[in-house]
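Novice: Got a file for you: upload_16.tsv, TSV, C-alpha atoms.
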```tsv
chain	number	residue	atom	x	y	z
A	509	MET	CA	-6.86	-12.20	-9.63
A	510	ARG	CA	-10.29	-11.12	-8.44
A	511	PHE	CA	-10.60	-8.50	-5.70
A	512	ALA	CA	-12.02	-11.01	-3.20
A	513	SER	CA	-9.19	-13.44	-3.88
A	514	LEU	CA	-6.67	-10.62	-3.54
A	515	ILE	CA	-8.08	-9.66	-0.13
A	516	SER	CA	-7.97	-13.26	1.03
A	517	ALA	CA	-4.39	-13.72	-0.15
A	518	ILE	CA	-3.07	-10.52	1.42
A	519	PHE	CA	-5.08	-9.94	4.56
A	520	PHE	CA	-6.34	-13.23	5.93
A	521	PRO	CA	-2.86	-14.61	6.71
A	522	LYS	CA	-2.23	-11.50	8.84
A	523	LEU	CA	-5.56	-11.49	10.67
A	524	LYS	CA	-4.43	-14.03	13.28
A	525	ASP	CA	-1.72	-11.61	14.39
A	526	HIS	CA	-4.08	-8.67	14.82
A	527	VAL	CA	-7.57	-10.04	15.58
A	528	ASP	CA	-8.59	-11.57	18.89
A	529	VAL	CA	-11.00	-14.36	17.95
A	530	ARG	CA	-13.12	-15.71	20.79
A	531	PRO	CA	-15.15	-18.94	20.50
A	532	PRO	CA	-17.57	-19.72	19.06
A	533	ALA	CA	-16.37	-17.14	16.52
A	534	ASP	CA	-13.85	-18.24	13.90
A	535	ILE	CA	-11.24	-16.26	11.97
A	536	LYS	CA	-13.12	-17.17	8.78
A	537	ASP	CA	-16.03	-15.00	9.98
A	538	ALA	CA	-14.03	-11.98	8.82
A	539	GLY	CA	-15.04	-13.00	5.31
A	540	LEU	CA	-18.73	-12.69	6.15
A	541	SER	CA	-21.07	-9.71	6.38
A	542	PRO	CA	-20.72	-7.11	7.79
A	543	TYR	CA	-16.97	-7.50	8.36
A	544	TYR	CA	-16.09	-8.20	4.75
A	545	GLY	CA	-18.07	-5.16	3.61
A	546	TRP	CA	-16.23	-2.96	6.11
A	547	LEU	CA	-12.90	-4.23	4.82
A	548	VAL	CA	-13.82	-3.54	1.19
A	549	GLU	CA	-15.05	-0.06	2.17
A	550	ILE	CA	-11.82	0.81	3.97
A	551	LEU	CA	-9.69	-0.37	1.07
A	552	THR	CA	-11.81	1.32	-1.59
A	553	GLU	CA	-11.76	4.64	0.21
A	554	ASN	CA	-8.05	4.62	0.95
A	555	ILE	CA	-6.35	3.18	-2.14
A	556	ARG	CA	-5.48	6.29	-4.16
A	557	PRO	CA	-2.96	7.05	-6.92
A	558	ASP	CA	0.28	8.55	-5.62
A	559	THR	CA	0.45	11.59	-7.91
A	560	SER	CA	3.59	12.83	-6.14
A	561	GLU	CA	5.36	9.77	-7.58
A	562	GLY	CA	4.02	10.36	-11.08
A	563	GLU	CA	1.01	8.04	-10.95
A	564	THR	CA	-2.00	9.06	-13.06
A	565	PRO	CA	-4.58	10.89	-10.93
A	566	GLU	CA	-7.99	9.37	-10.36
A	567	ILE	CA	-10.59	10.52	-12.90
A	568	PRO	CA	-14.39	10.09	-12.86
A	569	LEU	CA	-16.52	7.66	-14.81
A	570	TYR	CA	-19.36	9.72	-16.27
A	571	GLU	CA	-22.75	8.22	-17.04
A	572	SER	CA	-22.75	7.07	-20.64
A	573	SER	CA	-26.54	6.86	-20.88
A	574	ARG	CA	-27.08	10.63	-20.72
A	575	GLY	CA	-25.28	13.90	-21.34
A	576	PRO	CA	-24.37	16.61	-18.81
A	577	GLY	CA	-27.21	17.72	-16.56
A	578	SER	CA	-28.76	21.15	-16.93
A	579	THR	CA	-31.15	23.39	-15.03
A	580	ALA	CA	-33.19	23.39	-18.25
A	581	ASP	CA	-34.17	19.82	-17.36
A	582	VAL	CA	-35.65	20.73	-13.95
A	583	ASP	CA	-39.42	20.34	-14.00
A	584	TYR	CA	-41.32	18.86	-11.08
A	585	TRP	CA	-44.31	19.40	-8.79
A	586	THR	CA	-43.87	20.12	-5.10
A	587	SER	CA	-46.06	20.87	-2.10
A	588	ARG	CA	-43.24	22.76	-0.36
A	589	GLU	CA	-43.27	26.54	-0.09
A	590	PRO	CA	-40.81	27.96	-2.68
A	591	ARG	CA	-38.55	30.96	-2.15
A	592	GLU	CA	-38.09	33.51	-4.91
A	593	VAL	CA	-34.45	34.26	-5.77
A	594	VAL	CA	-32.50	36.45	-8.20
A	595	HIS	CA	-29.25	34.69	-9.13
A	596	CYS	CA	-30.68	31.25	-9.77
A	597	HIS	CA	-31.27	29.80	-13.24
A	598	LEU	CA	-34.66	28.74	-11.89
A	599	ASN	CA	-37.25	31.22	-10.70
A	600	TYR	CA	-37.55	29.62	-7.25
A	601	VAL	CA	-35.63	27.66	-4.69
A	602	VAL	CA	-37.62	24.82	-3.16
A	603	PRO	CA	-36.10	24.17	0.29
A	604	ASP	CA	-36.27	20.84	2.09
A	605	THR	CA	-36.30	22.49	5.52
A	606	ALA	CA	-38.39	24.96	7.46
A	607	LYS	CA	-35.65	27.62	7.82
A	608	TRP	CA	-32.18	26.15	7.26
A	609	GLU	CA	-31.99	26.08	3.45
A	610	GLN	CA	-34.00	29.28	3.14
A	611	ALA	CA	-31.31	31.10	5.11
A	612	ALA	CA	-28.51	29.45	3.12
A	613	SER	CA	-30.10	30.38	-0.21
A	614	TYR	CA	-30.40	34.00	0.98
A	615	TYR	CA	-26.69	34.19	1.82
A	616	ILE	CA	-25.81	32.67	-1.55
A	617	ASP	CA	-28.22	34.81	-3.56
A	618	THR	CA	-27.03	38.09	-2.00
A	619	HIS	CA	-23.28	37.41	-2.13
A	620	PRO	CA	-21.62	39.83	-4.60
A	621	MET	CA	-19.30	37.14	-6.01
A	622	VAL	CA	-22.06	34.68	-6.94
A	623	ASP	CA	-22.72	34.58	-10.67
A	624	ALA	CA	-25.45	31.93	-10.49
A	625	PHE	CA	-26.59	29.07	-8.26
A	626	VAL	CA	-29.15	26.32	-8.07
A	627	LYS	CA	-30.71	24.21	-5.34
A	628	ASN	CA	-29.91	20.58	-6.09
A	629	ALA	CA	-33.47	19.37	-6.58
A	630	GLY	CA	-34.68	17.73	-9.77
A	631	LEU	CA	-31.20	17.96	-11.31
A	632	GLY	CA	-30.23	14.33	-10.86
A	633	PHE	CA	-26.85	15.41	-9.46
A	634	ALA	CA	-25.54	12.87	-6.94
A	635	ILE	CA	-22.15	11.83	-5.60
A	636	PRO	CA	-21.74	8.07	-4.97
A	637	TYR	CA	-20.29	6.89	-1.69
A	638	LEU	CA	-19.68	3.55	-0.03
A	639	HIS	CA	-20.99	2.83	3.47
A	640	ASN	CA	-21.28	-0.51	5.26
A	641	GLY	CA	-20.37	-2.25	2.04
A	642	GLN	CA	-23.26	-0.69	0.10
A	643	MET	CA	-23.25	2.10	-2.51
A	644	HIS	CA	-25.38	5.17	-1.79
A	645	ASP	CA	-26.07	8.50	-3.47
A	646	TYR	CA	-25.21	11.75	-1.70
A	647	MET	CA	-27.13	14.78	-2.97
A	648	PRO	CA	-25.50	18.04	-1.79
A	649	ASP	CA	-27.67	21.10	-1.27
A	650	PHE	CA	-26.38	23.78	-3.66
A	651	ILE	CA	-24.22	24.25	-6.74
A	652	VAL	CA	-22.79	27.76	-7.05
A	653	ARG	CA	-20.93	29.38	-9.95
A	654	LEU	CA	-18.56	32.10	-8.82
A	655	LYS	CA	-17.59	35.35	-10.55
A	656	THR	CA	-14.04	34.25	-11.15
A	657	SER	CA	-12.04	34.01	-14.35
A	658	PRO	CA	-12.20	31.26	-15.35
A	659	SER	CA	-15.43	30.49	-13.54
A	660	VAL	CA	-15.34	28.05	-10.63
A	661	HIS	CA	-18.19	25.94	-9.28
A	662	ILE	CA	-18.49	25.27	-5.59
A	663	ILE	CA	-20.73	22.59	-4.11
A	664	ILE	CA	-22.12	23.78	-0.79
A	665	GLU	CA	-23.67	21.49	1.78
A	666	THR	CA	-25.54	22.96	4.75
A	667	LYS	CA	-25.38	20.27	7.35
A	668	GLY	CA	-26.65	20.06	10.90
A	669	TYR	CA	-26.19	16.76	12.69
A	670	ASP	CA	-25.50	13.84	10.38
A	671	PRO	CA	-23.58	10.76	11.55
A	672	LEU	CA	-22.40	10.25	7.96
A	673	ALA	CA	-21.22	13.83	7.45
A	674	ASP	CA	-17.53	12.87	7.33
A	675	VAL	CA	-18.22	9.98	4.95
A	676	LYS	CA	-20.14	12.25	2.58
A	677	ARG	CA	-17.51	14.98	2.82
A	678	ALA	CA	-14.75	12.51	1.91
A	679	ALA	CA	-16.76	11.24	-1.06
A	680	ALA	CA	-17.44	14.78	-2.30
A	681	GLU	CA	-13.81	15.84	-1.96
A	682	ARG	CA	-12.72	12.73	-3.87
A	683	TRP	CA	-15.32	13.50	-6.57
A	684	VAL	CA	-14.08	17.09	-6.86
A	685	ALA	CA	-10.44	16.01	-7.13
A	686	ALA	CA	-11.30	13.51	-9.87
A	687	VAL	CA	-13.40	15.99	-11.88
A	688	ASN	CA	-10.68	18.65	-11.60
A	689	ALA	CA	-8.04	16.15	-12.73
A	690	GLU	CA	-10.12	15.19	-15.79
A	691	GLY	CA	-10.74	18.86	-16.61
A	692	THR	CA	-13.70	18.74	-19.00
A	693	TYR	CA	-16.04	20.64	-16.67
A	694	GLY	CA	-13.61	23.21	-15.27
A	695	GLN	CA	-12.62	23.64	-11.65
A	696	TRP	CA	-14.81	22.60	-8.73
A	697	LYS	CA	-14.68	22.98	-4.97
A	698	TYR	CA	-16.63	21.53	-2.06
A	699	ALA	CA	-17.50	22.97	1.32
A	700	MET	CA	-19.74	21.99	4.20
A	701	ALA	CA	-21.37	24.67	6.37
A	702	ARG	CA	-22.31	23.59	9.88
A	703	LYS	CA	-24.16	26.91	10.32
A	704	THR	CA	-25.94	28.89	7.63
A	705	THR	CA	-24.02	31.98	8.73
A	706	GLU	CA	-20.85	30.27	7.48
A	707	VAL	CA	-22.08	30.24	3.86
A	708	SER	CA	-20.96	33.79	2.98
A	709	GLY	CA	-17.51	33.15	4.43
A	710	ILE	CA	-17.18	29.92	2.45
A	711	ILE	CA	-17.91	31.73	-0.81
A	712	THR	CA	-15.53	34.58	0.01
A	713	ALA	CA	-12.75	32.15	0.94
A	714	ALA	CA	-13.22	30.21	-2.31
A	715	VAL	CA	-12.92	33.41	-4.36
A	716	GLN	CA	-9.80	34.48	-2.45
A	717	GLN	CA	-8.20	31.06	-3.00
A	718	GLU	CA	-8.76	31.40	-6.73
A	719	GLU	CA	-7.25	34.90	-6.74
A	720	VAL	CA	-4.16	33.64	-4.93
A	721	ALA	CA	-3.83	30.67	-7.28
A	722	ARG	CA	-4.21	32.90	-10.35
A	723	THR	CA	-1.61	35.35	-9.03
A	724	ALA	CA	0.84	32.54	-8.34
A	725	THR	CA	0.33	31.13	-11.84
A	726	SER	CA	0.83	34.48	-13.57
A	727	ALA	CA	3.95	35.16	-11.50
```
What would you get if you wrote out this structure as structure tokens?
Specialist:
Amino acid sequence: MRFASLISAIFFPKLKDHVDVRPPADIKDAGLSPYYGWLVEILTENIRPDTSEGETPEIPLYESSRGPGSTADVDYWTSREPREVVHCHLNYVVPDTAKWEQAASYYIDTHPMVDAFVKNAGLGFAIPYLHNGQMHDYMPDFIVRLKTSPSVHIIIETKGYDPLADVKRAAAERWVAAVNAEGTYGQWKYAMARKTTEVSGIITAAVQQEEVARTATSA
């Protein structure tokens, strides 16, 4: 049964009990845009495997047309003012802001537990998310490799006001869970900093979490 037919069979009979339809609207309008798209979005984002009951965890579908991305592939022109850094695989960070990402890159670059990091520009790294029935690409700000054993990558987003912040966070956390379950690319984390001064604390907390997890495993 197709997804659309499944939705119609399950949900439309129940709509009359839960939806107040006022003329000239009709209950069938729920199958039209934008309502149908909202319904698909809600279902897609909330139907997850129940791993506690033994169901197979969700795993990612990697692009088959290209291999893993690398900082070796970054090569582009920019008119923005770059910032020189030490712990980045690239010689510069090219911020998208006047001050915000410059401050964040400083906190990352000077943190003692950062092994390497990169600004997500020119990498082609994007996390898909669904909004208003349409697929979009979310491009987080930084990817950081921590000095842990084994190494852990943390995706850090520095976010001021964004009405879609929660949507993007949910998509990133789902992406991280899927990648960790599949296991090919090690362990990943995600964090969103509402202030650049939170970046150092995010990195420290991630390292401490790994130390606790490692201690518990060895015990």
Novice: Which residue, A:Leu569, A:Val675, A:Ala686, A:Ile664, has the smallest gap to Pro557 (chain A) when you use all atoms listed in the file?
Specialist: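 For Pro557 (chain A), the nearest of the given residues is A:Ala686.
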Novice: Given the choices A:Arg588, A:Asp558, A:Gly641, A:Asp649, which gets closest to Leu540 (chain A) if the distance is worked out from only C-alpha atoms?
Specialist: A:Gly641
Novice: Counting all atoms listed in the file, figure out which residue out of A:Ile663, A:Ile567, A:Met643, A:Val602 gets nearest to Arg677 (chain A).
Specialist: A:Ile663
Novice: Env of Met700 (chain A): 12 Å cut, atoms = all atoms listed in the file, seq-sep filter 6 positions within chain, self excluded. Answer as a PyMOL selection string.
Specialist: chain A and resi 612+648-650+662-670+673-674+676-678+680-681+706-711
Novice: Would you mind reading off the distance between CA of Pro568 (chain A) and CA of Ala624 (chain A), one decimal, in Å?
Specialist: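 Calculated distance between CA of Pro568 (chain A) and CA of Ala624 (chain A) is 24.6 Å.
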Novice: Excluding region 618-621 of chain A and its own-chain neighbours fewer than 4 positions away, which residues fall within 8 Å of it when counting only C-alpha atoms? Please give them as JSON, numbers by chain.
Specialist: {"A": [614, 654, 655, 656, 708, 711, 712, 715]}
Novice: Between A:Ala713, A:Ser573, A:Thr705, A:His639, which has the minimum distance to Glu609 (chain A) (counting all atoms listed in the file)?
Specialist: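 Among the listed residues, A:Thr705 lies closest to Glu609 (chain A).
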Novice: How far is it from CA of Asn688 (chain A) to CA of Glu566 (chain A), in Å with one decimal?
Specialist: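 Between CA of Asn688 (chain A) and CA of Glu566 (chain A) the gap is 9.7 Å.
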Novice: Interatomic distance between CA of Leu638 (chain A) and CA of Ala701 (chain A)?
Specialist: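 Between CA of Leu638 (chain A) and CA of Ala701 (chain A) the gap works out to 22.1 Å.
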Novice: Would you mind telling me which residue in A:Gly630, A:Pro671, A:Gly539, A:Gly694 lies nearest to Pro658 (chain A) when using only C-alpha atoms?
Specialist: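 Distance minimum relative to Pro658 (chain A) lands on A:Gly694.
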Novice: Please identify all polymer residues within 12 Å of Tyr570 (chain A), counting all atoms listed in the file, omitting same-chain residues fewer than 3 positions from it, and present them as a ChimeraX atom specification.
Specialist: /A:567,573-577,633-636,683,686-687,690,692-693
Novice: Using only C-alpha atoms, which residue out of A:Leu672, A:Thr704, A:Asn628, A:Val660 lies closest to Gln716 (chain A)?
Specialist: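 Under the stated criterion, the closest residue is A:Val660.
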Novice: May I have the residues within 12 Å of Ile535 (chain A) as a PyMOL selection string, using only C-alpha atoms and disregarding those fewer than 3 positions away in the same chain?
Specialist: chain A and resi 516+519-532+538-540+543-544
Novice: Show me, as JSON, the centre and edge lengths in Å to one decimal of the axis-aligned box that covers every listed atom of region 652-670 of chain A with 3 Å on each side.
Specialist:
```
{"center_x": -19.3, "center_y": 24.6, "center_z": -1.3, "size_x": 20.6, "size_y": 27.5, "size_z": 34.0}
```
Novice: Within 8 Å of (-14.8, 1.9, 8.4) (coordinates as in the file), grab all the protein and nucleic acid residues, counting all atoms listed in the file, and write them out as a list of chain:residue names.
Specialist: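 Selection result: A:Trp546, A:Leu547, A:Glu549, A:Ile550, A:His639, A:Asn640.
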